[in-house]
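Shown below: data-v1.txt, with compact mmCIF, C-alpha atoms.
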# COMPACT_ATOMS: atom_id res chain seq x y z
CA MET N 15 -5.58 10.77 30.30
CA GLY N 16 -2.67 9.36 32.23
CA ALA N 17 0.66 7.68 31.52
CA THR N 18 4.24 7.88 32.67
CA SER N 19 7.50 6.85 31.04
CA LEU N 20 10.78 6.71 32.93
CA SER N 21 14.42 6.57 31.89
CA ALA N 22 17.77 7.52 33.36
CA HIS N 23 21.02 8.57 31.72
CA ALA N 24 24.47 8.97 33.25
CA GLY N 25 22.96 9.01 36.71
CA SER N 26 22.39 12.76 36.49
CA LEU N 27 19.05 13.22 34.78
CA ILE N 28 15.94 11.20 35.48
CA ASN N 29 13.30 11.81 32.86
CA SER N 30 9.57 11.15 32.91
CA SER N 31 6.48 12.76 31.46
CA HIS N 32 2.78 13.11 32.22
CA TYR N 33 -0.31 14.03 30.26
CA LEU N 34 -2.14 17.28 30.74
CA ASP N 35 -5.42 16.55 32.50
CA TYR N 36 -7.72 18.01 29.87
CA GLN N 37 -11.39 17.37 29.16
CA LEU N 38 -13.26 18.43 26.03
CA PRO N 39 -15.94 21.09 26.59
CA GLU N 40 -19.34 19.53 27.28
CA ASN N 41 -20.91 20.86 24.09
CA VAL N 42 -18.06 19.40 22.06
CA GLN N 43 -18.30 16.05 23.84
CA GLN N 44 -22.01 15.89 23.09
CA ALA N 45 -21.66 16.84 19.43
CA CYS N 46 -18.64 14.69 18.60
CA GLY N 47 -20.00 11.80 20.66
CA GLU N 48 -23.07 11.71 18.46
CA ARG N 49 -20.86 11.80 15.35
CA ASP N 50 -18.28 9.38 16.81
CA ASN N 51 -15.41 11.67 15.77
CA CYS N 52 -14.18 13.45 18.91
CA PRO N 53 -10.94 15.47 18.65
CA ASN N 54 -7.83 13.64 19.82
CA ILE N 55 -5.82 15.96 22.07
CA GLU N 56 -2.66 14.77 23.84
CA ILE N 57 -0.40 17.26 25.61
CA LYS N 58 2.50 15.90 27.64
CA TYR N 59 4.84 17.70 30.04
CA LEU N 60 8.34 16.93 31.20
CA GLU N 61 9.04 15.76 34.72
CA SER N 62 12.76 15.42 35.45
CA ASN N 63 14.94 15.86 38.52
CA HIS N 64 16.05 19.27 37.19
CA GLY N 65 13.31 21.77 37.91
CA TRP N 66 14.82 24.55 35.81
CA ILE N 67 14.85 22.27 32.76
CA ASN N 68 11.24 21.28 33.40
CA GLU N 69 10.28 24.95 33.57
CA ALA N 70 11.94 25.81 30.24
CA VAL N 71 10.68 22.75 28.36
CA ASN N 72 7.14 23.01 29.66
CA ALA N 73 6.99 26.74 28.96
CA ARG N 74 7.90 25.95 25.37
CA ILE N 75 5.24 23.24 25.23
CA ASN N 76 2.65 25.74 26.45
CA SER N 77 3.85 28.21 23.83
CA LEU N 78 3.37 25.63 21.08
CA VAL N 79 -0.11 24.79 22.38
CA VAL N 80 -1.18 28.42 22.47
CA ASN N 81 0.58 29.39 19.23
CA SER N 82 -1.34 28.00 16.27
CA GLU N 83 1.59 28.59 13.87
CA PRO N 84 4.80 27.53 15.65
CA THR N 85 8.21 28.66 14.44
CA GLU N 86 11.72 27.84 15.60
CA SER N 87 12.31 31.42 16.74
CA ALA N 88 8.96 32.05 18.41
CA ALA N 89 9.58 33.49 21.84
CA ILE N 90 8.57 31.46 24.86
CA LYS N 91 5.64 33.18 26.53
CA ALA N 92 6.72 32.60 30.11
CA THR N 93 3.46 34.03 31.44
CA SER N 94 1.26 31.41 29.74
CA THR N 95 -1.22 30.19 32.32
CA PRO N 96 -3.07 26.87 32.58
CA GLN N 97 -6.21 28.84 31.76
CA GLU N 98 -4.67 30.11 28.50
CA VAL N 99 -3.61 26.59 27.52
CA THR N 100 -7.09 25.24 28.27
CA ALA N 101 -8.70 28.09 26.32
CA ALA N 102 -6.48 27.36 23.30
CA LEU N 103 -7.40 23.66 23.38
CA ASP N 104 -11.08 24.49 23.86
CA ASN N 105 -10.96 26.76 20.81
CA PHE N 106 -9.23 24.04 18.80
CA ALA N 107 -11.82 21.42 19.79
CA THR N 108 -14.75 23.76 19.25
CA SER N 109 -13.50 24.71 15.78
CA GLN N 110 -13.94 21.09 14.67
CA ILE N 111 -17.64 21.18 15.52
CA GLN N 112 -17.98 24.47 13.67
CA ASP N 113 -15.92 23.42 10.63
CA LEU N 114 -16.85 19.82 9.90
CA PRO N 115 -20.09 18.62 8.28
CA ASN N 116 -22.14 16.18 10.35
CA ASP N 117 -21.30 13.23 8.10
CA VAL N 118 -17.50 13.53 8.45
CA SER N 119 -16.05 10.55 10.33
CA TRP N 120 -12.55 11.83 11.15
CA GLY N 121 -11.67 14.22 13.96
CA TYR N 122 -9.10 16.90 14.61
CA GLU N 123 -5.80 15.94 16.23
CA ARG N 124 -3.49 18.03 18.43
CA MET N 125 -0.36 16.60 20.02
CA VAL N 126 2.65 18.11 21.78
CA ARG N 127 5.17 16.00 23.71
CA PRO N 128 8.77 16.17 24.94
CA GLU N 129 11.40 13.51 24.35
CA TYR N 130 14.75 13.09 26.08
CA LEU N 131 17.52 12.47 23.55
CA GLY N 132 20.37 11.86 26.00
CA HIS N 133 23.46 13.90 26.72
CA VAL N 134 26.79 15.01 25.25
CA ASN N 135 29.36 16.12 27.84
CA ASP N 136 27.44 18.35 30.29
CA PHE N 137 24.64 19.10 27.84
CA GLU N 138 21.22 17.50 28.22
CA LEU N 139 19.36 17.20 24.93
CA PHE N 140 15.62 17.23 24.34
CA ASP N 141 13.19 17.31 21.48
CA ILE N 142 9.63 18.64 21.39
CA ASP N 143 7.31 17.07 18.82
CA SER N 144 4.08 18.73 17.76
CA TYR N 145 1.40 17.61 15.34
CA VAL N 146 -1.83 19.22 14.15
CA PHE N 147 -4.41 17.65 11.85
CA THR N 148 -7.50 19.57 10.77
CA GLY N 149 -8.25 17.77 7.53
CA GLY N 150 -6.79 17.73 4.08
CA ALA N 151 -4.23 15.34 2.65
CA HIS N 152 -2.09 15.30 5.79
CA GLY N 153 -1.46 16.91 9.15
CA MET N 154 1.33 19.32 9.96
CA PRO N 155 4.20 18.10 12.13
CA TYR N 156 6.63 20.41 13.88
CA SER N 157 9.69 19.54 15.98
CA GLU N 158 12.48 21.46 17.68
CA TYR N 159 15.57 20.68 19.69
CA LEU N 160 16.30 22.05 23.15
CA MET N 161 19.79 21.92 24.72
CA PHE N 162 20.63 22.62 28.35
CA ASP N 163 24.02 23.18 29.98
CA LEU N 164 24.05 21.55 33.41
CA SER N 165 27.15 23.48 34.48
CA SER N 166 25.67 26.94 33.84
CA LYS N 167 22.00 25.95 34.14
CA LYS N 168 21.17 27.72 30.90
CA GLN N 169 19.44 26.82 27.68
CA ILE N 170 21.89 26.77 24.78
CA LYS N 171 21.20 28.20 21.32
CA LEU N 172 23.30 28.04 18.17
CA ALA N 173 24.65 31.54 18.78
CA ASP N 174 25.97 30.43 22.18
CA MET N 175 27.96 27.63 20.57
CA LEU N 176 29.77 29.58 17.86
CA LEU N 177 33.16 31.19 18.28
CA ALA N 178 33.31 34.92 17.57
CA SER N 179 32.80 35.78 13.88
CA GLN N 180 32.38 32.12 12.92
CA LYS N 181 28.72 32.13 11.87
CA PRO N 182 29.63 32.57 8.16
CA ARG N 183 31.95 29.56 8.37
CA PHE N 184 29.25 27.50 10.11
CA GLU N 185 26.74 28.54 7.45
CA ALA N 186 29.19 27.49 4.73
CA LEU N 187 29.58 24.07 6.37
CA ALA N 188 25.80 23.76 6.61
CA TYR N 189 25.49 24.64 2.92
CA ASP N 190 27.99 21.90 2.06
CA ALA N 191 25.87 19.47 4.11
CA TYR N 192 22.76 20.71 2.29
CA GLN N 193 24.33 19.97 -1.08
CA THR N 194 25.29 16.49 0.12
CA TRP N 195 21.73 15.88 1.27
CA VAL N 196 20.21 17.19 -1.98
CA LYS N 197 22.21 14.57 -3.90
CA THR N 198 20.27 11.89 -2.03
CA VAL N 199 16.90 13.19 -3.29
CA ALA N 200 17.64 14.85 -6.64
CA ASP N 201 19.83 14.33 -9.69
CA ASP N 202 20.81 17.95 -10.17
CA VAL N 203 21.69 20.14 -7.18
CA SER N 204 21.48 23.47 -9.03
CA SER N 205 18.01 22.72 -10.40
CA TYR N 206 16.77 21.55 -7.00
CA GLU N 207 18.14 24.64 -5.31
CA LYS N 208 16.10 26.91 -7.58
CA SER N 209 12.92 25.45 -6.10
CA TRP N 210 14.16 24.76 -2.58
CA PRO N 211 17.05 27.13 -1.81
CA PHE N 212 19.31 26.70 1.18
CA THR N 213 18.67 28.65 4.36
CA LEU N 214 20.31 28.25 7.76
CA SER N 215 18.09 26.80 10.46
CA ASP N 216 18.62 27.59 14.14
CA ASP N 217 17.13 24.23 15.13
CA VAL N 218 20.35 22.43 16.10
CA THR N 219 21.51 19.82 18.57
CA LEU N 220 24.72 18.09 19.57
CA THR N 221 25.16 14.41 18.77
CA ASP N 222 27.89 11.86 19.39
CA LYS N 223 29.28 12.69 15.93
CA GLY N 224 28.77 16.44 15.56
CA ILE N 225 25.94 18.92 15.13
CA ASP N 226 22.61 18.11 13.51
CA ILE N 227 20.59 20.87 11.86
CA ARG N 228 16.89 20.16 11.35
CA TYR N 229 14.39 21.73 8.98
CA GLN N 230 10.62 21.81 9.16
CA PRO N 231 8.52 20.55 6.23
CA TYR N 232 8.47 22.84 3.21
CA VAL N 233 11.62 24.78 4.21
CA ILE N 234 14.24 23.06 2.03
CA GLY N 235 12.08 20.33 0.56
CA PRO N 236 8.49 19.24 -0.15
CA TYR N 237 6.31 17.67 2.52
CA ALA N 238 7.11 14.18 1.28
CA TYR N 239 10.74 14.66 2.36
CA GLY N 240 9.72 15.07 5.99
CA MET N 241 12.06 17.05 8.24
CA PRO N 242 15.48 17.00 6.57
CA THR N 243 18.48 16.86 8.90
CA LEU N 244 21.93 18.11 7.91
CA SER N 245 24.95 16.84 9.84
CA ILE N 246 28.31 18.52 10.40
CA PRO N 247 31.01 16.33 12.02
CA TYR N 248 33.12 17.56 14.93
CA SER N 249 36.22 17.20 12.74
CA LYS N 250 35.04 20.26 10.78
CA LEU N 251 33.95 22.26 13.83
CA ASP N 252 37.06 22.53 16.00
CA THR N 253 37.73 26.12 14.90
CA VAL N 254 34.05 27.03 14.55
CA ILE N 255 32.38 26.17 17.86
CA LYS N 256 33.64 26.75 21.37
CA PRO N 257 35.91 23.98 22.72
CA HIS N 258 33.59 22.80 25.49
CA PHE N 259 30.94 21.95 22.88
CA LEU N 260 33.28 19.48 21.16
CA ARG N 261 32.68 15.91 22.26
CA LYS N 262 35.20 14.79 24.85

Mind turning this structure into structure tokens?
Amino acid sequence: MGATSLSAHAGSLINSSHYLDYQLPENVQQACGERDNCPNIEIKYLESNHGWINEAVNARINSLVVNSEPTESAAIKATSTPQEVTAALDNFATSQIQDLPNDVSWGYERMVRPEYLGHVNDFELFDIDSYVFTGGAHGMPYSEYLMFDLSSKKQIKLADMLLASQKPRFEALAYDAYQTWVKTVADDVSSYEKSWPFTLSDDVTLTDKGIDIRYQPYVIGPYAYGMPTLSIPYSKLDTVIKPHFLRK
């Protein structure tokens, strides 16, 4: 595997990516080669001109590779080694050979990749996309935002953005955005909420208009609704988030 994409923004961050050099175990190659249904595994890593950002993003990618059930709050396992990543992928590939009957034509899929979203003020914004398919009606996607402050060289979370004691107000704004979104997919908000109640997600990012809050499939809606995104404009956030997070 091998590919590179390159882009530059604001002259400060140069972003590229590369595939993990991974080969299927020999026994898997032999078995899936005979069946013509080898697993498709694509793991990409970030390569930018900011080493500390690379380290954080790629540690999270490794965590998602090793963790079979990713969550927004899952801790980054900083000690993940290349051997652990390879072992996790080997186990994934081997499980296909163990699970699938010989006459099945489709193969397992495992993908994790970073994407550079651009910047707002001094904050560099990334997204990590993950996808797993092991059969059934559909695969399972997972995505999360990562934000980095170039001035402090730290990763930023929602809690870092909020002014003191303003989480309840932010949650109320998010709930308002949830109700607005529900009206685009359902006729009755109260009935919809009984099946898919609101909850606050920590998966947030800055945009040119405000803050986006993303939800994984099945959190506030069925799989068919994808990953719903709620948006709160900066005009409603000036007394909720710290001033340097407001777009200049």

Inset, instruction - Using only C-alpha atoms, pick whichever of N:Phe147, N:Phe212, N:Tyr192, N:Phe184 has the shortest atom-to-atom distance to N:Val233. - result: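 Of N:Phe147, N:Phe212, N:Tyr192, N:Phe184, the one nearest N:Val233 is N:Phe212, counting only C-alpha atoms.
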
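One finds atom CA of N:Ile227 at 15.0 Å from atom CA of N:Val254.
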
Legend entry - Cut-off 9 Å around (-1.2, 24.1, 21.2) with only C-alpha atoms: residues as a ChimeraX atom specification: /N:57,75-82,84,99,102-103,106,124-126,144,146

Legend entry - Spatial neighbours of N:Asn51, 7 Å, only C-alpha atoms, chain gap at least 6 places, as an MDAnalysis selection string: chainID N and resid 119:121

Inset, instruction - Can you work out the spacing between atom CA of N:Tyr156 and atom CA of N:Phe137 in Å, to one decimal? - result: 22.8 Å

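Residue nearest N:Thr221 within the list N:Glu129, N:Glu56, N:Glu138, N:Asp174: N:Glu138 [criterion: smallest interatomic distance, all atoms listed in the file].
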
Legend entry - Test item: residues at most 12 Å from N:His152, all atoms listed in the file, excluding those fewer than 6 positions along its chain, as an MDAnalysis selection string: chainID N and resid 122:123 145:146 231 237:238 240

Inset, instruction - Please provide as an NGL selection string all residues within 12 Å of stretch 26-31 of chain N, with the sequence filter that same-chain residues fewer than 4 positions apart are discarded (counting all atoms listed in the file). - result: :N and (16-22 or 57-65 or 67-68 or 71-72 or 126-133 or 135-140 or 162 or 164-165)

Just write the chosen residues, C-alpha atoms, as an mmCIF file, keeping the file's coordinate frame.
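Output file result-v1.cif follows:
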data_model
loop_
_atom_site.group_PDB
_atom_site.id
_atom_site.type_symbol
_atom_site.label_atom_id
_atom_site.label_comp_id
_atom_site.auth_asym_id
_atom_site.auth_seq_id
_atom_site.Cartn_x
_atom_site.Cartn_y
_atom_site.Cartn_z
ATOM 1 C CA GLY N 16 -2.670 9.360 32.230
ATOM 2 C CA ALA N 17 0.660 7.680 31.520
ATOM 3 C CA THR N 18 4.240 7.880 32.670
ATOM 4 C CA SER N 19 7.500 6.850 31.040
ATOM 5 C CA LEU N 20 10.780 6.710 32.930
ATOM 6 C CA SER N 21 14.420 6.570 31.890
ATOM 7 C CA ALA N 22 17.770 7.520 33.360
ATOM 8 C CA ILE N 57 -0.400 17.260 25.610
ATOM 9 C CA LYS N 58 2.500 15.900 27.640
ATOM 10 C CA TYR N 59 4.840 17.700 30.040
ATOM 11 C CA LEU N 60 8.340 16.930 31.200
ATOM 12 C CA GLU N 61 9.040 15.760 34.720
ATOM 13 C CA SER N 62 12.760 15.420 35.450
ATOM 14 C CA ASN N 63 14.940 15.860 38.520
ATOM 15 C CA HIS N 64 16.050 19.270 37.190
ATOM 16 C CA GLY N 65 13.310 21.770 37.910
ATOM 17 C CA ILE N 67 14.850 22.270 32.760
ATOM 18 C CA ASN N 68 11.240 21.280 33.400
ATOM 19 C CA VAL N 71 10.680 22.750 28.360
ATOM 20 C CA ASN N 72 7.140 23.010 29.660
ATOM 21 C CA VAL N 126 2.650 18.110 21.780
ATOM 22 C CA ARG N 127 5.170 16.000 23.710
ATOM 23 C CA PRO N 128 8.770 16.170 24.940
ATOM 24 C CA GLU N 129 11.400 13.510 24.350
ATOM 25 C CA TYR N 130 14.750 13.090 26.080
ATOM 26 C CA LEU N 131 17.520 12.470 23.550
ATOM 27 C CA GLY N 132 20.370 11.860 26.000
ATOM 28 C CA HIS N 133 23.460 13.900 26.720
ATOM 29 C CA ASN N 135 29.360 16.120 27.840
ATOM 30 C CA ASP N 136 27.440 18.350 30.290
ATOM 31 C CA PHE N 137 24.640 19.100 27.840
ATOM 32 C CA GLU N 138 21.220 17.500 28.220
ATOM 33 C CA LEU N 139 19.360 17.200 24.930
ATOM 34 C CA PHE N 140 15.620 17.230 24.340
ATOM 35 C CA PHE N 162 20.630 22.620 28.350
ATOM 36 C CA LEU N 164 24.050 21.550 33.410
ATOM 37 C CA SER N 165 27.150 23.480 34.480
#
